[in-house]
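Data block below; observations after.
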Amino acid sequence: MSSLVLRGVSRVEMPTISPTLGIYTRKFASQKILQRQFDVVIVGSGPVGLALAAGLQSNPVTQSLKVGLLDIQDTMKLKDWKFETYSNRCSSLTNHTRMFFDKIGAWDFARKDRIQPFQHILASDGLTNSSIHLDQKPGSEPMAFMSENVNLQYALLNSIIDKMNNNIKKPNLEFLMPCTITKLSKGENIYRTHIHTTTHGELTTKLLIGADGRNSIVRKYANISMPGWNYLTHAVVGTLKIDPLKGPAVAFQRFLPTGPLAYLPLPDNNATFVWSTRPHIASKLLRLPEETFVKFLNASFRLDYPDLSYLYQMDFSEPSKVNEQLDWRLQVKRNSNMQVPPVITEIVSGSRAAFPLRLAHVDEYVKEGIALCGDAAHNTHPLAGQGLNTGIQDVESLISALSFAIKHGQDIGSVFSLQPYFRDRYFKNHVYLGVVDKFHKLYAMENPVVTSVRTLGLSLFDRSASLKNFILSTVANGI
Amino acid sequence: MFYLNAHLEINKVVDVVMSLSKKFLKPSVASNQLRLLFTAAERKVNYPGHVPLSPLQRIFLVAGSAIMGLKAPWRGGDMISVLGDASGQPFFLHRLLNKMLVDKTGREILKDKPRMTSKSLNLPFLRTLPPNTLGKIYVDWIDKEHVGPDTRSPTRFVDDPEEAYVMQRYRESHDFYHAICNMPTNIEGELAIKWLEFVNMGLPVGALSALFGPLRLNCEQASRFRRVYIPWSIRNGLNAKTLINVYWEKELTNDIEDVRRRIRIEAAPPLV
């Protein structure tokens with residue numbers, strides 16, 4: 001037992017104190033009164049960072065912790081979020097994630113009229129058009145919920161503020177935003193991390209948590225490496241208007257060899273999409289006039305892949321020729337059973353964007369006084385829209401570990417206290433990343449043998465109730 | 001008279017297939033799945049002249065027309081067309097359509113949907129063209145062989161309208177395959193073209209004809225066919241541009257050697 005502690009301690013780089021630095025340190029010590037001390041500092045106020053703050057606050061054991069939430073952006077403005085056109089940053093929430101939000105008291109604050117539950121996912125092979133239909137039994141909980149990330153932040157933020165206002169005691173949670181961090185370092189006390197800022201002075205904390213995304217400064221400070229690779233794929237996203245919906249909301253996923261294309265329903269004839277494709281196609285798509293882009297999106301759910309591959313190689317700088325081809329192909333009546341999303345009528349101006357996709361996983365989630373969660377620890381393809389859900393599961397697991405540590409009188413910043421979180425989440429996330437990666441590569445292949453086996457697999461799958469139920473429970477509850 | 005008889009014969013075959021399927025269908029026994037297999041009653045008509053078939057009817061029609069094509073070679077043309085219609089689904093015509101969709105000219109043809117008729121091809125004009133042009137060679141060929149663009153049967157048994165057009169186009173272009181390859185309409189010529197068509201475009205009507213057609217040759221014909229024309233067909237079928245993607249109507253005034261070079265096909269050796 002004690003050897004574990006020693007091993008943890010030995011991993012921390014001991015700062016070398018030269019005689020000169022010693023003098024400086026002594027002088028600095030006299031100003032210690034100016035430092036603000038926290039038990040936990042969370043860097044990043046995205047949905048994961050806010051969920052962590054709200055979760056710590058609502059947990060009876062961890063609510064005693066003094067928590068600081070830092071972000072370079074002023075997320076506090078979202079307290080009075082203006083409800084306008086739908087954001088292009090949306091997530092598909094599992095029912096498990098929704099239940100967690102409910103438990104920490106945030107779900108009540110979410111704008112439900114902007115969240116779309118759905119009970120159907122229709123996934124099809126872009127080459128063979130074979131498909132699988134995942135659905136829930138009528139009357140059961142929705143399979144997933146489409147929500148804007150900003151709606152989640154709004155809900156989390158307001159639930160935290162609501163608790164703070166209702167708490168007679170001095171609030172233990174402090175928002176420090178906008179905050180510019182200039183340096184992270186170990187100070188005189190090696191069990192505390194110093195956070196140097198130009199906006200809020202110097203802070204110290206027992207535990208520094210990086211929830212600051214794929215370019216995490218906390219991860220860099222901790223020298224935790226994040227091996228991975230870039231897919232030759234960029235994701236184009238945006239917000240859409242559709243023809244009025246008849247029947248239930250359905251999510252569609254079409255696996256084209258160039259990458260998966262997802263259509264995800266939002267309320268009131270809105271929808272969002274994630275179009276993962278080759279970088280050169282993505283850059284062409286971004287430059288198309290909106291009208292042509294909308295036709296292209298409709299076509300990409302409807303046309304056979306040879307048809308699409310011809311369109312992809314056309315010269316997009318002449319939109320009229322592209323329009324001519326698209327208009328023609330979209331009006332051809334096919335004798336086909338392929339199920340397609342509602343007709344997309346327009347894309348919300350300014351919502352179209354693209355970002356490169358990569359798969360990466362850090363070597364370790366925790367070090368002495370440090371923990372990483374969400375995209376700071378793992379990046380993956382938006383396939384299945386599970387990125388945020390895995391981040392929320394990280395949050396749940398980390399809170400559980402901290403709660404256990406406090407109940408047993410342990411230092412929350414020690415590696416010993418944080419290891420259960422790492423052990424719980426690393427393997428699950430690694431499995432998930434691996435599955436998504438293999439799936440992505442499988443559908444990128446056009447070899448007829450692979451596509452035939454794929455079709456057979458999908459057909460068998462579509463007829464197997466037990467396999468479907470297994471996938472459904474994974475989609476609804478996470479890995 | 002000849003064509004009228006042929007059409008009557010075809011209708012008889014179709015009627016037999018329909019009545020057989022009705023015999024098999026017993027409402028008290030058949031499940032929904034079996035019903036779909038046996039009956040075409042619920043299938044929709046997708047274009048004028050379309051005759052929807054159930055899978056079982058399709059199998060019967062393929063077998064029946066193949067047998068009739070062998071037994072009665074003087075009716076072969078029409079039986080082969082029924083065979084082509086019925087056997088093109090569900091995979092082969094779709095693949096050929098996809099080959100058109102990835103080719104610029106193929107897409108042009110699909111968009112324009114041109115039909116080949118005496119009028120549209122303007123046969124009198126073709127007869128005035130210089131002797132080295134595709135149009136002149138084509139019209140001389142159909143005059144000599146007593147065939148013409150109007151002798152092709154309309155497509156009936158293909159369910160998808162666009163695939164139906166592809167089959168029609170394939171059939172209407174058949175005489176151009178003969179002309180571009182300098183191949184006559186005797187048995188060896190037809191079989192060689194069928195081999196070429198199958199290797200180049202992949203429709204089973206070509207495969208079935210190519211496999212079983214040689215049964216109608218005598219020993220000497222079969223020997224020459226195997227030695228000379230099968231190798232020629234395979235080599236050119238593999239090497240040539242997919243012939244369905246040639247806009248023949250736009251090549252009529254061009255030099256035939258230029259056209260051959262462009263589509264990478266060589267004339268067949270003359271028959272001895």
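How things are named: the first chain in the structure tokens is A, the next is B, and so on; residues count from 1 in each chain; ligands count from 1 in the order shown.
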Excluding stretch 101-103 of chain B and any residue of its chain fewer than 6 positions from it, enumerate the residues within 8 Å of it, using only C-alpha atoms, and give them as a list in words.
-> Pro306, Asp307, Ser309 and Tyr310 of chain A; Asn245 of chain B
Which neighbours of A:Gln419 fall inside 8 Å, counting only C-alpha atoms, when residues of the same chain fewer than 4 positions from it are skipped, and could you give them as an mmCIF file with all heavy atoms, in the first residue's frame?
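And here is the file that came out, around.cif:
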data_model
loop_
_atom_site.group_PDB
_atom_site.id
_atom_site.type_symbol
_atom_site.label_atom_id
_atom_site.label_comp_id
_atom_site.auth_asym_id
_atom_site.auth_seq_id
_atom_site.Cartn_x
_atom_site.Cartn_y
_atom_site.Cartn_z
ATOM 1 N N VAL A 366 -4.387 10.392 -15.422
ATOM 2 C CA VAL A 366 -4.118 11.072 -14.147
ATOM 3 C C VAL A 366 -2.626 11.112 -13.859
ATOM 4 O O VAL A 366 -1.864 10.246 -14.283
ATOM 5 C CB VAL A 366 -4.842 10.369 -12.973
ATOM 6 C CG1 VAL A 366 -6.345 10.366 -13.203
ATOM 7 C CG2 VAL A 366 -4.322 8.953 -12.786
ATOM 8 N N VAL A 415 -2.350 10.537 -6.685
ATOM 9 C CA VAL A 415 -2.554 9.561 -7.745
ATOM 10 C C VAL A 415 -3.337 8.367 -7.223
ATOM 11 O O VAL A 415 -4.165 7.786 -7.922
ATOM 12 C CB VAL A 415 -1.197 9.115 -8.339
ATOM 13 C CG1 VAL A 415 -1.387 7.925 -9.256
ATOM 14 C CG2 VAL A 415 -0.571 10.259 -9.111
ATOM 15 N N ARG A 423 -8.543 3.616 -14.114
ATOM 16 C CA ARG A 423 -8.798 2.192 -14.373
ATOM 17 C C ARG A 423 -10.193 1.969 -14.936
ATOM 18 O O ARG A 423 -10.397 1.128 -15.807
ATOM 19 C CB ARG A 423 -8.651 1.379 -13.083
ATOM 20 C CG ARG A 423 -7.216 1.094 -12.678
ATOM 21 C CD ARG A 423 -7.178 -0.064 -11.692
ATOM 22 N NE ARG A 423 -7.938 0.252 -10.472
ATOM 23 C CZ ARG A 423 -7.385 0.822 -9.400
ATOM 24 N NH1 ARG A 423 -6.107 1.135 -9.386
ATOM 25 N NH2 ARG A 423 -8.116 1.077 -8.332
#
### Message
Select, as an MDAnalysis selection string, those residues of chain B with any atom no more than 12 Å from chain A (distances computed using only C-alpha atoms).
### Response
chainID B and resid 43:47 52 89:91 94:108 110:112 158:164
Go ahead and write the residues just picked, C-alpha atoms, as a CSV table (one decimal), in the first residue's frame.
chain,number,residue,atom,x,y,z
B,43,ARG,CA,-46.5,-4.8,-57.9
B,44,LYS,CA,-46.8,-1.4,-59.5
B,45,VAL,CA,-46.4,-0.5,-63.1
B,46,ASN,CA,-43.4,1.8,-63.4
B,47,TYR,CA,-43.6,2.9,-67.0
B,52,PRO,CA,-44.2,-6.6,-63.3
B,89,GLN,CA,-32.6,-8.0,-62.5
B,90,PRO,CA,-31.8,-7.6,-59.7
B,91,PHE,CA,-28.0,-7.0,-60.0
B,94,HIS,CA,-28.0,-2.1,-62.0
B,95,ARG,CA,-24.3,-2.6,-62.4
B,96,LEU,CA,-24.4,-1.5,-66.0
B,97,LEU,CA,-26.4,1.5,-65.1
B,98,ASN,CA,-23.7,2.4,-62.5
B,99,LYS,CA,-21.1,2.1,-65.3
B,100,MET,CA,-23.0,4.7,-67.2
B,101,LEU,CA,-23.3,7.0,-64.2
B,102,VAL,CA,-19.5,7.2,-63.7
B,103,ASP,CA,-18.9,8.1,-67.4
B,104,LYS,CA,-19.5,11.5,-68.8
B,105,THR,CA,-20.9,10.2,-72.1
B,106,GLY,CA,-22.9,7.5,-70.3
B,107,ARG,CA,-24.6,10.2,-68.2
B,108,GLU,CA,-25.3,12.2,-71.3
B,110,LEU,CA,-29.0,8.6,-69.6
B,111,LYS,CA,-30.1,12.2,-69.5
B,112,ASP,CA,-31.1,12.5,-73.2
B,158,VAL,CA,-37.5,-4.7,-66.1
B,159,ASP,CA,-39.0,-3.0,-63.0
B,160,ASP,CA,-36.8,0.1,-62.7
B,161,PRO,CA,-37.6,2.7,-65.4
B,162,GLU,CA,-34.0,3.8,-65.7
B,163,GLU,CA,-32.7,0.2,-65.9
B,164,ALA,CA,-35.4,-0.5,-68.4
For A:Ile370, work out the shell of residues within 8 Å, counting only C-alpha atoms and skipping chain neighbours fewer than 3 positions away, then give it as a compact mmCIF listing (two decimals) with N, CA, C and O atoms, in the first residue's frame.
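Output file out-v2.txt follows:
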# COMPACT_ATOMS: atom_id res chain seq x y z
N LEU A 207 -6.18 19.70 -6.86
CA LEU A 207 -6.45 18.89 -8.05
C LEU A 207 -6.79 19.80 -9.21
O LEU A 207 -7.71 20.62 -9.12
N LEU A 208 -6.04 19.65 -10.28
CA LEU A 208 -6.28 20.41 -11.51
C LEU A 208 -6.88 19.46 -12.54
O LEU A 208 -6.28 18.43 -12.86
N ILE A 209 -8.07 19.80 -13.05
CA ILE A 209 -8.75 18.92 -14.00
C ILE A 209 -8.81 19.58 -15.37
O ILE A 209 -9.30 20.70 -15.51
N GLY A 210 -8.31 18.89 -16.35
CA GLY A 210 -8.35 19.37 -17.73
C GLY A 210 -9.62 18.86 -18.42
O GLY A 210 -9.75 17.67 -18.69
N ALA A 222 1.13 18.71 -18.08
CA ALA A 222 1.43 17.46 -17.38
C ALA A 222 2.35 16.55 -18.19
O ALA A 222 2.72 15.48 -17.73
N VAL A 366 -4.39 10.39 -15.42
CA VAL A 366 -4.12 11.07 -14.15
C VAL A 366 -2.63 11.11 -13.86
O VAL A 366 -1.86 10.25 -14.28
N LYS A 367 -2.24 12.15 -13.18
CA LYS A 367 -0.92 12.26 -12.57
C LYS A 367 -1.13 12.90 -11.21
O LYS A 367 -2.25 13.30 -10.88
N GLY A 413 -6.02 14.92 -4.42
CA GLY A 413 -5.09 15.17 -5.50
C GLY A 413 -4.09 14.05 -5.72
O GLY A 413 -3.35 14.06 -6.70
Among stretch 75-108 of chain A, which residues does DSSP mark as helix (DSSP H, G or I) when it is run on the backbone? Keep the chain and numbering as in the structure and answer as a list in words. Thr75, Met76, Lys77, Leu78, Lys79, Asp80, Asn95, His96, Thr97, Arg98, Met99, Phe100, Phe101, Asp102, Lys103, Trp107 and Asp108 of chain A
Let me make sure I understand: among B:Ser153, B:Arg264, B:Cys219, B:Glu249, which one has the smallest atom-to-atom distance to B:Asn122 if we use only C-alpha atoms?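 When distances to B:Asn122 are compared using only C-alpha atoms, the smallest one comes from B:Glu249.
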**Asked** Which neighbours of B:Thr253 fall inside 12 Å, counting only C-alpha atoms, when residues of the same chain fewer than 3 positions from it are skipped, and could you give them as a list of chain:residue names?
**Response**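 Residues meeting the cut-off are B:Leu121, B:Phe125, B:Leu126, B:Arg127, B:Thr128, B:Leu129, B:Pro130, B:Pro131, B:Asn132, B:Thr133, B:Leu134, B:Gly135, B:Lys136, B:Ile137, B:Tyr138, B:Val139, B:Trp248, B:Glu249, B:Lys250, B:Ile256, B:Glu257, B:Asp258, B:Val259.
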(message) I want to know what sits within 8 Å of B:Asp85, based on only C-alpha atoms, with residues of the same chain fewer than 4 positions away left out; could you give that as a PyMOL selection string?
(response) chain B and resi 81+89+155-158+167
Separating atom CA of B:His178 from atom CA of B:Asn236, to the nearest tenth of an Å, is a gap of 13.1 Å
Can you tell me, as an MDAnalysis selection string, what residues are no more than 12 Å from A:Asn298 when counting only C-alpha atoms, ignoring any on the same chain fewer than 5 positions away? chainID A and resid 240:243 254 261:263 273 275 291:293 303 308 326:327 329:331 340:347
Can you pull out the residues contacting A:Ile161? Cut-off 12 Å, using only C-alpha atoms, and skip same-chain residues under 3 positions away; I want them as a list in words.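 The residues that qualify are Leu50, Ala53, Ala54, Gln57, Ser58, Met76, Leu78, Lys79, Asp80, Gly105, Ala106, Phe109, Tyr154, Ala155, Leu156, Leu157, Asn158, Met164, Asn165, Asn166, Asn167, Pro171, Asn172, Leu173, Glu174 and Phe175 of chain A.
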| field | atom CA of A:Ile181 to atom CA of A:Thr198, straight-line distance in Å | value |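 Atom-to-atom, atom CA of A:Thr198 to atom CA of A:Ile181, that is 6.7 Å.
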**Request:** From a DSSP calculation on the backbone, collect every residue of stretch 38-232 of chain A in strand (DSSP E) and output the set as a ChimeraX atom specification.
**Result:** /A:38-43,67-70,90-94,116-118,120-125,131-135,144-148,173-176,181-186,193-197,202-210,228-232
* Mind pulling up the distance from atom CA of B:Asn200 to atom CA of B:Thr242? ->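 Value for the atom CA of B:Thr242-atom CA of B:Asn200 distance: 5.9 Å.
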